[in-house]
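Reviewing the structure listed below.
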Amino acid sequence: MATMKAWFDTIRPKTLPLAVAIILTGSALAQWHGTLNWSVTLLCLLTATLLQIVSNFANDYGDFQKGSDTAERIGPLRGIQQGQMTATQLRYGLIAVCIASFISGASLIALAYETTQDLIAFAILGVLAILAAITYTVGKKPYGYLGLGDISVFLFFGLLAVCGTYYLQAHSLDWSIFLPAAACGFLSTAVLNINNLRDIEQDRKAGKNTLIVRIGAENGRIYHCILLSSAVLCYAIFAIVHKPLLLMIIAIIAVLLAKHARFVYQQKDPMALRPMLGKMSMLALVSTVLFSLGLLIL
């Protein structure tokens, strides 16, 4: 039997703040418009967290099946990689989490939908989210091996997650919601980018053609800075249009992200990026919490 520690490591708790971050943003925007629903928010948090775990389980399973996780891996050794669990155990765990995320998502839709169109649209989006989480590394042609992971993360852990959380509470959608949603998407993509920068040599040898493998480490570090700058720009435009006082909070976020971007840009050794995955995930959480609090109290 796989140990509890092996399952805990496979969940990758350091990545879970991403799920919290995007839902907090969508719910803060709903509260800003006076439509916050705590039951919807909690179910959104549960569903997003489960989808993140589905993605993590599928990533480990798919990479193991394709032999991408080797002894050269710089990141923390995974449970299946260390022999602490079998591929069959991980597959059953993946199926269990998929079922749990489906039940949570279905409960969320049942609670929040108002029209048949909403029901159908969110049912389709929910299924697509689960499929996207699985097929990142699983299947004959996983899109993560084709350099398309960044687009998927931006959409599902940015635009769709934030706008979806907001819409299920407000039942309307304003163009300005897409700005903080895009900011979350850029921050989420930055987390993936750190992972890909760290593992670039191993991924290249394994034939995992992530975006970073395609463009190279130097361009990848520049790309990381662009992602973080884009997140700040989206927050700033939203603040200028709707709440100028929020720019004080955006300035703090900009300083935090600039410090991280400088470190990543200057580090040529992938080993130096090993602790940066958890730090970037926490930065995404801190940035969204600061933005959300500023939105509500300023």
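Labels for the structure tokens follow display order: chains A, B, ..., residues from 1 in each chain, ligands from 1.
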Would you pick out the contacts of A:Thr135 at 8 Å or less, using only C-alpha atoms, so that residues sharing its chain but fewer than 4 positions from it are not included, and give the list as an mmCIF file with N, CA, C and O atoms, in the first residue's frame?
```cif
data_model
loop_
_atom_site.group_PDB
_atom_site.id
_atom_site.type_symbol
_atom_site.label_atom_id
_atom_site.label_comp_id
_atom_site.auth_asym_id
_atom_site.auth_seq_id
_atom_site.Cartn_x
_atom_site.Cartn_y
_atom_site.Cartn_z
ATOM 1 N N ALA A 58 -2.503 13.330 -12.605
ATOM 2 C CA ALA A 58 -2.387 12.971 -14.022
ATOM 3 C C ALA A 58 -0.998 13.286 -14.548
ATOM 4 O O ALA A 58 -0.447 12.527 -15.357
ATOM 5 N N LEU A 131 -11.086 16.915 -18.374
ATOM 6 C CA LEU A 131 -10.344 16.342 -19.500
ATOM 7 C C LEU A 131 -9.022 17.073 -19.722
ATOM 8 O O LEU A 131 -7.987 16.451 -20.007
ATOM 9 N N GLY A 139 -2.251 10.111 -22.360
ATOM 10 C CA GLY A 139 -2.806 9.870 -23.697
ATOM 11 C C GLY A 139 -1.714 9.746 -24.745
ATOM 12 O O GLY A 139 -0.525 9.911 -24.462
ATOM 13 N N PRO A 142 -0.453 13.883 -25.561
ATOM 14 C CA PRO A 142 -0.747 14.859 -24.503
ATOM 15 C C PRO A 142 -0.276 16.256 -24.902
ATOM 16 O O PRO A 142 0.832 16.428 -25.404
ATOM 17 N N TYR A 143 -1.130 17.240 -24.686
ATOM 18 C CA TYR A 143 -0.809 18.583 -25.172
ATOM 19 C C TYR A 143 0.328 19.232 -24.386
ATOM 20 O O TYR A 143 0.978 20.149 -24.869
ATOM 21 N N GLY A 144 0.596 18.737 -23.170
ATOM 22 C CA GLY A 144 1.724 19.259 -22.414
ATOM 23 C C GLY A 144 3.057 18.953 -23.082
ATOM 24 O O GLY A 144 4.034 19.675 -22.889
#
```
Residues within 10 Å of stretch 291-295 of chain A, please, as a PyMOL selection string. Count only C-alpha atoms; anything in the same chain fewer than 5 positions from it doesn't count. chain A and resi 21+24-29+31-32+180+235+239+242-243+245-250+252-253+285-286
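Of the listed residues (A:Leu228, A:Leu90, A:Ile124, A:Ile130), A:Leu90 comes nearest to A:Ala6; the distances count only C-alpha atoms.
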Quick check, in Å to one decimal: how far apart do atom CA of A:Asp174 and atom CA of A:Val241 lie?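 So the two atoms, atom CA of A:Asp174 and atom CA of A:Val241, lie 12.9 Å apart.
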Do you know which residues are at most 12 Å from stretch 10-13 of chain A counting only C-alpha atoms, after dropping those on the same chain fewer than 4 positions away, and could you put them as a CSV table (one decimal) with C-alpha atoms, in the first residue's frame?
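Wrote around.csv, looks like this:
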```csv
chain,number,residue,atom,x,y,z
A,2,ALA,CA,1.2,3.5,-0.8
A,3,THR,CA,2.0,5.5,2.3
A,4,MET,CA,0.1,8.6,3.4
A,5,LYS,CA,3.3,10.6,2.8
A,6,ALA,CA,3.5,9.3,-0.8
A,17,PRO,CA,-2.7,27.9,-3.3
A,18,LEU,CA,-3.3,28.5,-7.0
A,19,ALA,CA,-6.8,27.0,-6.6
A,20,VAL,CA,-7.5,29.2,-3.6
A,49,THR,CA,-8.7,22.3,-5.4
A,50,LEU,CA,-9.8,18.9,-6.6
A,51,LEU,CA,-9.2,19.8,-10.2
A,52,GLN,CA,-5.7,21.0,-9.2
A,53,ILE,CA,-5.1,17.6,-7.6
A,54,VAL,CA,-6.5,15.8,-10.7
A,55,SER,CA,-3.9,17.7,-12.7
A,56,ASN,CA,-1.1,16.8,-10.4
A,57,PHE,CA,-2.0,13.1,-10.2
A,58,ALA,CA,-2.4,13.0,-14.0
A,59,ASN,CA,0.9,14.8,-14.5
A,60,ASP,CA,2.8,12.2,-12.4
A,61,TYR,CA,1.0,9.3,-14.0
A,75,GLY,CA,12.4,18.8,-8.7
A,76,PRO,CA,11.3,16.8,-5.6
A,77,LEU,CA,11.2,13.1,-6.3
A,78,ARG,CA,7.6,11.9,-6.8
A,79,GLY,CA,6.1,9.0,-4.9
A,80,ILE,CA,5.7,6.8,-8.0
A,81,GLN,CA,9.3,7.7,-9.0
A,82,GLN,CA,10.6,6.5,-5.6
A,84,GLN,CA,6.4,4.3,-2.9
A,85,MET,CA,3.3,3.7,-5.0
A,89,GLN,CA,-2.4,2.7,-7.3
A,90,LEU,CA,-1.9,6.2,-8.8
A,93,GLY,CA,-6.2,7.5,-7.1
A,94,LEU,CA,-6.6,9.6,-10.2
A,97,VAL,CA,-10.2,12.3,-7.5
A,277,LEU,CA,7.8,26.6,-7.6
A,278,GLY,CA,6.3,26.8,-4.1
A,281,SER,CA,2.6,29.6,-6.0
A,282,MET,CA,2.5,31.5,-2.7
```
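Shortest separation to A:Gly67 among A:Gln202, A:Thr15, A:Asn37, A:Ser229 occurs at residue A:Gln202, atoms counted being only C-alpha atoms.
Separating atom CA of A:Val162 from atom CA of A:Phe178 is a distance of 8.2 Å.
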Counting only C-alpha atoms, what is within 8 Å of stretch 264-273 of chain A, bar same-chain residues fewer than 4 positions away, as a list of chain:residue names?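 Listed by chain and then number, they are A:Ile74, A:Ile194, A:Leu197, A:Arg198, A:Asp199, A:Arg221, A:Ile222, A:His224, A:Cys225, A:His260, A:Leu277.
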Can those selected residues be exported to a file as a CSV table (one decimal), in the first residue's frame so that it contains all heavy atoms?
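Result file follows (again_7.csv):
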```
chain,number,residue,atom,x,y,z
A,74,ILE,N,15.3,17.4,-11.3
A,74,ILE,CA,15.8,18.4,-10.3
A,74,ILE,C,14.8,18.6,-9.2
A,74,ILE,O,15.1,18.8,-8.1
A,74,ILE,CB,16.2,19.7,-11.0
A,74,ILE,CG1,17.4,19.5,-12.0
A,74,ILE,CG2,16.5,20.8,-10.0
A,74,ILE,CD1,17.7,20.7,-12.8
A,194,ILE,N,7.9,28.2,-14.1
A,194,ILE,CA,9.0,27.8,-13.2
A,194,ILE,C,9.3,26.4,-13.2
A,194,ILE,O,10.4,25.9,-13.3
A,194,ILE,CB,8.6,28.3,-11.7
A,194,ILE,CG1,8.7,29.8,-11.6
A,194,ILE,CG2,9.6,27.6,-10.7
A,194,ILE,CD1,10.1,30.3,-11.6
A,197,LEU,N,11.0,25.7,-16.5
A,197,LEU,CA,12.4,26.2,-16.5
A,197,LEU,C,13.3,25.3,-15.8
A,197,LEU,O,14.4,25.0,-16.2
A,197,LEU,CB,12.4,27.6,-16.0
A,197,LEU,CG,12.2,28.8,-16.9
A,197,LEU,CD1,12.0,30.0,-16.1
A,197,LEU,CD2,13.3,28.9,-17.9
A,198,ARG,N,12.8,24.8,-14.6
A,198,ARG,CA,13.6,24.0,-13.7
A,198,ARG,C,14.0,22.6,-14.4
A,198,ARG,O,15.1,22.1,-14.3
A,198,ARG,CB,12.9,23.7,-12.4
A,198,ARG,CG,13.6,22.9,-11.4
A,198,ARG,CD,12.6,22.4,-10.4
A,198,ARG,NE,11.6,21.5,-10.9
A,198,ARG,CZ,10.4,21.2,-10.3
A,198,ARG,NH1,10.1,21.7,-9.2
A,198,ARG,NH2,9.6,20.3,-10.9
A,199,ASP,N,13.0,22.1,-15.1
A,199,ASP,CA,13.1,20.7,-15.7
A,199,ASP,C,13.5,20.7,-17.2
A,199,ASP,O,13.3,19.7,-17.9
A,199,ASP,CB,11.8,19.9,-15.5
A,199,ASP,CG,11.5,19.7,-14.0
A,199,ASP,OD1,12.5,19.7,-13.2
A,199,ASP,OD2,10.4,19.5,-13.7
A,221,ARG,N,13.2,32.7,-19.4
A,221,ARG,CA,13.3,33.7,-18.2
A,221,ARG,C,12.7,35.0,-18.6
A,221,ARG,O,12.1,35.7,-17.8
A,221,ARG,CB,14.8,33.8,-17.8
A,221,ARG,CG,15.4,32.6,-17.1
A,221,ARG,CD,16.7,32.8,-16.6
A,221,ARG,NE,17.8,32.9,-17.6
A,221,ARG,CZ,18.4,31.9,-18.1
A,221,ARG,NH1,18.2,30.7,-17.6
A,221,ARG,NH2,19.3,32.0,-19.0
A,222,ILE,N,12.9,35.5,-19.8
A,222,ILE,CA,12.3,36.7,-20.3
A,222,ILE,C,10.8,36.6,-20.3
A,222,ILE,O,10.1,37.5,-19.9
A,222,ILE,CB,12.8,37.1,-21.7
A,222,ILE,CG1,14.3,37.4,-21.7
A,222,ILE,CG2,12.0,38.3,-22.3
A,222,ILE,CD1,14.9,37.6,-23.0
A,224,HIS,N,9.1,34.7,-18.4
A,224,HIS,CA,8.6,34.7,-17.0
A,224,HIS,C,8.4,36.1,-16.6
A,224,HIS,O,7.3,36.5,-15.9
A,224,HIS,CB,9.6,34.0,-16.1
A,224,HIS,CG,9.1,33.7,-14.8
A,224,HIS,ND1,8.2,32.7,-14.5
A,224,HIS,CD2,9.3,34.3,-13.6
A,224,HIS,CE1,7.9,32.7,-13.2
A,224,HIS,NE2,8.5,33.6,-12.6
A,225,CYS,N,9.3,37.0,-16.9
A,225,CYS,CA,9.2,38.4,-16.5
A,225,CYS,C,8.0,39.1,-17.2
A,225,CYS,O,7.3,39.9,-16.6
A,225,CYS,CB,10.5,39.2,-16.9
A,225,CYS,SG,11.9,38.7,-16.0
A,260,HIS,N,10.9,38.7,-7.4
A,260,HIS,CA,10.9,37.3,-7.9
A,260,HIS,C,11.4,37.2,-9.3
A,260,HIS,O,12.2,36.3,-9.6
A,260,HIS,CB,9.5,36.7,-7.7
A,260,HIS,CG,9.4,35.3,-8.3
A,260,HIS,ND1,9.7,34.2,-7.6
A,260,HIS,CD2,8.9,34.9,-9.5
A,260,HIS,CE1,9.5,33.1,-8.4
A,260,HIS,NE2,9.0,33.5,-9.5
A,277,LEU,N,9.2,27.0,-7.2
A,277,LEU,CA,7.8,26.6,-7.6
A,277,LEU,C,6.8,26.9,-6.4
A,277,LEU,O,5.8,27.6,-6.6
A,277,LEU,CB,7.8,25.1,-7.9
A,277,LEU,CG,6.4,24.6,-8.3
A,277,LEU,CD1,6.0,25.2,-9.6
A,277,LEU,CD2,6.5,23.1,-8.4
```
Selection near stretch 184-188 of chain A, 6 Å with only C-alpha atoms, sequence-local residues under 6 positions removed, as a ChimeraX atom specification: /A:154,157-158,227,231,284
Okay, now the selection with N, CA and C atoms, as a PDB file, in the first residue's frame?
```
ATOM      1  N   PHE A 154      -3.600  29.169 -18.539  1.00  0.00           N
ATOM      2  CA  PHE A 154      -4.115  30.541 -18.598  1.00  0.00           C
ATOM      3  C   PHE A 154      -5.642  30.541 -18.687  1.00  0.00           C
ATOM      4  N   PHE A 157      -7.112  28.079 -15.325  1.00  0.00           N
ATOM      5  CA  PHE A 157      -6.751  28.584 -14.006  1.00  0.00           C
ATOM      6  C   PHE A 157      -6.628  30.103 -14.009  1.00  0.00           C
ATOM      7  N   GLY A 158      -7.311  30.715 -14.949  1.00  0.00           N
ATOM      8  CA  GLY A 158      -7.338  32.167 -15.044  1.00  0.00           C
ATOM      9  C   GLY A 158      -8.704  32.635 -15.485  1.00  0.00           C
ATOM     10  N   LEU A 227       5.208  37.488 -18.127  1.00  0.00           N
ATOM     11  CA  LEU A 227       4.005  36.977 -17.470  1.00  0.00           C
ATOM     12  C   LEU A 227       3.683  37.788 -16.215  1.00  0.00           C
ATOM     13  N   ALA A 231       0.531  40.480 -15.489  1.00  0.00           N
ATOM     14  CA  ALA A 231      -0.406  40.378 -14.366  1.00  0.00           C
ATOM     15  C   ALA A 231      -0.552  41.728 -13.672  1.00  0.00           C
ATOM     16  N   ALA A 284       1.461  33.998  -6.015  1.00  0.00           N
ATOM     17  CA  ALA A 284       0.171  34.120  -6.696  1.00  0.00           C
ATOM     18  C   ALA A 284      -0.948  34.278  -5.677  1.00  0.00           C
TER      19      ALA A 284
END
```
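For the pair atom CA of A:Asp118 and atom CA of A:Ala133, the separation is 22.2 Å.
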Can you tell me, as a PyMOL selection string, which residues in stretch 38-244 of chain A count as helix (DSSP H, G or I) by DSSP? chain A and resi 38-65+87-112+116-134+143-146+149-170+175-198+200-206+211-215+217-242+244
Would you mind exporting C-alpha atoms of the selected residues as a short mmCIF file (atom, residue, chain, number, x, y, z; two decimals), in the first residue's frame?
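What ended up in result.cif:
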```cif
data_model
loop_
_atom_site.label_atom_id
_atom_site.label_comp_id
_atom_site.auth_asym_id
_atom_site.auth_seq_id
_atom_site.Cartn_x
_atom_site.Cartn_y
_atom_site.Cartn_z
CA TRP A 38 -20.68 31.76 0.52
CA SER A 39 -22.09 28.35 -0.39
CA VAL A 40 -21.11 28.87 -4.03
CA THR A 41 -17.69 30.18 -2.99
CA LEU A 42 -16.95 27.13 -0.81
CA LEU A 43 -18.01 24.71 -3.52
CA CYS A 44 -15.91 26.62 -6.04
CA LEU A 45 -12.93 26.32 -3.69
CA LEU A 46 -13.47 22.58 -3.28
CA THR A 47 -13.94 21.98 -7.00
CA ALA A 48 -10.92 24.05 -8.03
CA THR A 49 -8.73 22.33 -5.43
CA LEU A 50 -9.84 18.89 -6.60
CA LEU A 51 -9.16 19.84 -10.23
CA GLN A 52 -5.66 20.95 -9.25
CA ILE A 53 -5.11 17.57 -7.58
CA VAL A 54 -6.46 15.80 -10.68
CA SER A 55 -3.92 17.74 -12.73
CA ASN A 56 -1.09 16.82 -10.36
CA PHE A 57 -2.01 13.12 -10.24
CA ALA A 58 -2.39 12.97 -14.02
CA ASN A 59 0.91 14.77 -14.53
CA ASP A 60 2.76 12.24 -12.37
CA TYR A 61 1.00 9.29 -13.98
CA GLY A 62 1.50 10.48 -17.55
CA ASP A 63 5.16 11.40 -17.06
CA PHE A 64 5.83 8.03 -15.43
CA GLN A 65 4.14 6.14 -18.26
CA ALA A 87 1.18 3.02 -11.42
CA THR A 88 -2.02 1.07 -10.73
CA GLN A 89 -2.45 2.73 -7.34
CA LEU A 90 -1.89 6.16 -8.82
CA ARG A 91 -4.35 5.42 -11.65
CA TYR A 92 -7.03 4.42 -9.12
CA GLY A 93 -6.23 7.53 -7.10
CA LEU A 94 -6.61 9.65 -10.24
CA ILE A 95 -9.99 8.05 -11.00
CA ALA A 96 -11.15 8.65 -7.42
CA VAL A 97 -10.19 12.35 -7.51
CA CYS A 98 -11.84 12.72 -10.94
CA ILE A 99 -15.08 11.33 -9.51
CA ALA A 100 -14.81 13.62 -6.48
CA SER A 101 -14.23 16.69 -8.68
CA PHE A 102 -17.17 15.70 -10.89
CA ILE A 103 -19.48 15.35 -7.87
CA SER A 104 -18.27 18.65 -6.42
CA GLY A 105 -18.66 20.43 -9.76
CA ALA A 106 -22.11 18.95 -10.34
CA SER A 107 -23.19 20.07 -6.85
CA LEU A 108 -21.89 23.55 -7.57
CA ILE A 109 -23.80 23.81 -10.82
CA ALA A 110 -26.97 22.43 -9.26
CA LEU A 111 -26.75 25.02 -6.50
CA ALA A 112 -25.85 28.05 -8.62
CA THR A 116 -30.99 25.89 -18.75
CA GLN A 117 -28.30 27.60 -20.82
CA ASP A 118 -26.20 28.10 -17.69
CA LEU A 119 -26.66 24.46 -16.74
CA ILE A 120 -25.54 23.18 -20.14
CA ALA A 121 -22.66 25.64 -20.50
CA PHE A 122 -21.14 24.96 -17.08
CA ALA A 123 -21.66 21.20 -17.42
CA ILE A 124 -19.64 21.29 -20.65
CA LEU A 125 -16.97 23.51 -19.09
CA GLY A 126 -16.72 21.21 -16.09
CA VAL A 127 -16.16 18.14 -18.22
CA LEU A 128 -13.63 20.02 -20.36
CA ALA A 129 -11.76 21.12 -17.23
CA ILE A 130 -11.41 17.51 -16.04
CA LEU A 131 -10.34 16.34 -19.50
CA ALA A 132 -7.82 19.17 -19.78
CA ALA A 133 -6.34 18.27 -16.40
CA ILE A 134 -5.93 14.63 -17.43
CA TYR A 143 -0.81 18.58 -25.17
CA GLY A 144 1.72 19.26 -22.41
CA TYR A 145 4.29 17.49 -24.60
CA LEU A 146 3.42 19.79 -27.49
CA GLY A 149 0.26 23.69 -21.41
CA ASP A 150 0.63 27.43 -20.88
CA ILE A 151 -2.49 28.20 -22.91
CA SER A 152 -4.52 25.62 -20.99
CA VAL A 153 -3.39 26.93 -17.60
CA PHE A 154 -4.11 30.54 -18.60
CA LEU A 155 -7.63 29.60 -19.68
CA PHE A 156 -8.67 27.13 -16.96
CA PHE A 157 -6.75 28.58 -14.01
CA GLY A 158 -7.34 32.17 -15.04
CA LEU A 159 -10.10 33.37 -17.32
CA LEU A 160 -12.59 30.52 -16.91
CA ALA A 161 -12.03 29.97 -13.19
CA VAL A 162 -12.32 33.61 -12.12
CA CYS A 163 -15.08 34.55 -14.56
CA GLY A 164 -16.94 31.32 -13.79
CA THR A 165 -16.76 31.88 -10.03
CA TYR A 166 -18.00 35.43 -10.50
CA TYR A 167 -20.78 34.51 -12.93
CA LEU A 168 -22.17 31.72 -10.73
CA GLN A 169 -22.75 34.34 -8.04
CA ALA A 170 -23.58 37.46 -10.03
CA TRP A 175 -15.78 43.11 -19.49
CA SER A 176 -13.71 44.47 -16.61
CA ILE A 177 -13.89 41.10 -14.81
CA PHE A 178 -11.60 39.73 -17.50
CA LEU A 179 -8.74 41.97 -16.32
CA PRO A 180 -8.22 40.41 -12.85
CA ALA A 181 -9.11 37.05 -14.40
CA ALA A 182 -6.30 37.47 -16.92
CA ALA A 183 -3.96 38.54 -14.09
CA CYS A 184 -4.71 35.25 -12.33
CA GLY A 185 -4.11 33.42 -15.59
CA PHE A 186 -0.69 35.03 -16.01
CA LEU A 187 0.28 34.22 -12.41
CA SER A 188 -0.88 30.61 -12.79
CA THR A 189 1.08 30.28 -16.02
CA ALA A 190 4.13 31.67 -14.24
CA VAL A 191 3.92 28.77 -11.76
CA LEU A 192 3.96 26.29 -14.64
CA ASN A 193 6.79 28.22 -16.25
CA ILE A 194 8.99 27.85 -13.16
CA ASN A 195 8.39 24.10 -13.26
CA ASN A 196 9.30 23.96 -16.95
CA LEU A 197 12.38 26.17 -16.55
CA ARG A 198 13.62 23.95 -13.74
CA ILE A 200 14.13 21.97 -19.16
CA GLU A 201 17.08 19.60 -19.69
CA GLN A 202 15.24 16.53 -18.45
CA ASP A 203 12.15 17.43 -20.52
CA ARG A 204 14.27 17.95 -23.64
CA LYS A 205 15.89 14.52 -23.28
CA ALA A 206 12.51 12.87 -22.63
CA LEU A 211 7.14 25.90 -24.41
CA ILE A 212 10.43 26.42 -22.57
CA VAL A 213 12.07 23.53 -24.43
CA ARG A 214 10.91 25.13 -27.68
CA ILE A 215 12.06 28.70 -26.96
CA ALA A 217 15.94 28.85 -21.14
CA GLU A 218 17.06 32.44 -21.81
CA ASN A 219 13.85 33.32 -23.62
CA GLY A 220 11.98 31.38 -20.95
CA ARG A 221 13.33 33.67 -18.25
CA ILE A 222 12.31 36.72 -20.29
CA TYR A 223 8.90 35.12 -20.81
CA HIS A 224 8.58 34.71 -17.02
CA CYS A 225 9.17 38.42 -16.54
CA ILE A 226 6.57 39.19 -19.21
CA LEU A 227 4.01 36.98 -17.47
CA LEU A 228 4.47 38.74 -14.14
CA SER A 229 4.50 42.19 -15.75
CA SER A 230 1.30 41.37 -17.62
CA ALA A 231 -0.41 40.38 -14.37
CA VAL A 232 0.53 43.71 -12.78
CA LEU A 233 -0.61 45.60 -15.90
CA CYS A 234 -4.03 43.92 -15.85
CA TYR A 235 -4.47 44.74 -12.15
CA ALA A 236 -3.37 48.34 -12.76
CA ILE A 237 -5.76 48.92 -15.67
CA PHE A 238 -8.64 47.57 -13.57
CA ALA A 239 -7.67 49.87 -10.70
CA ILE A 240 -7.37 52.94 -12.92
CA VAL A 241 -10.81 52.34 -14.42
CA HIS A 242 -12.70 51.31 -11.29
CA PRO A 244 -7.68 54.32 -8.29
#
```
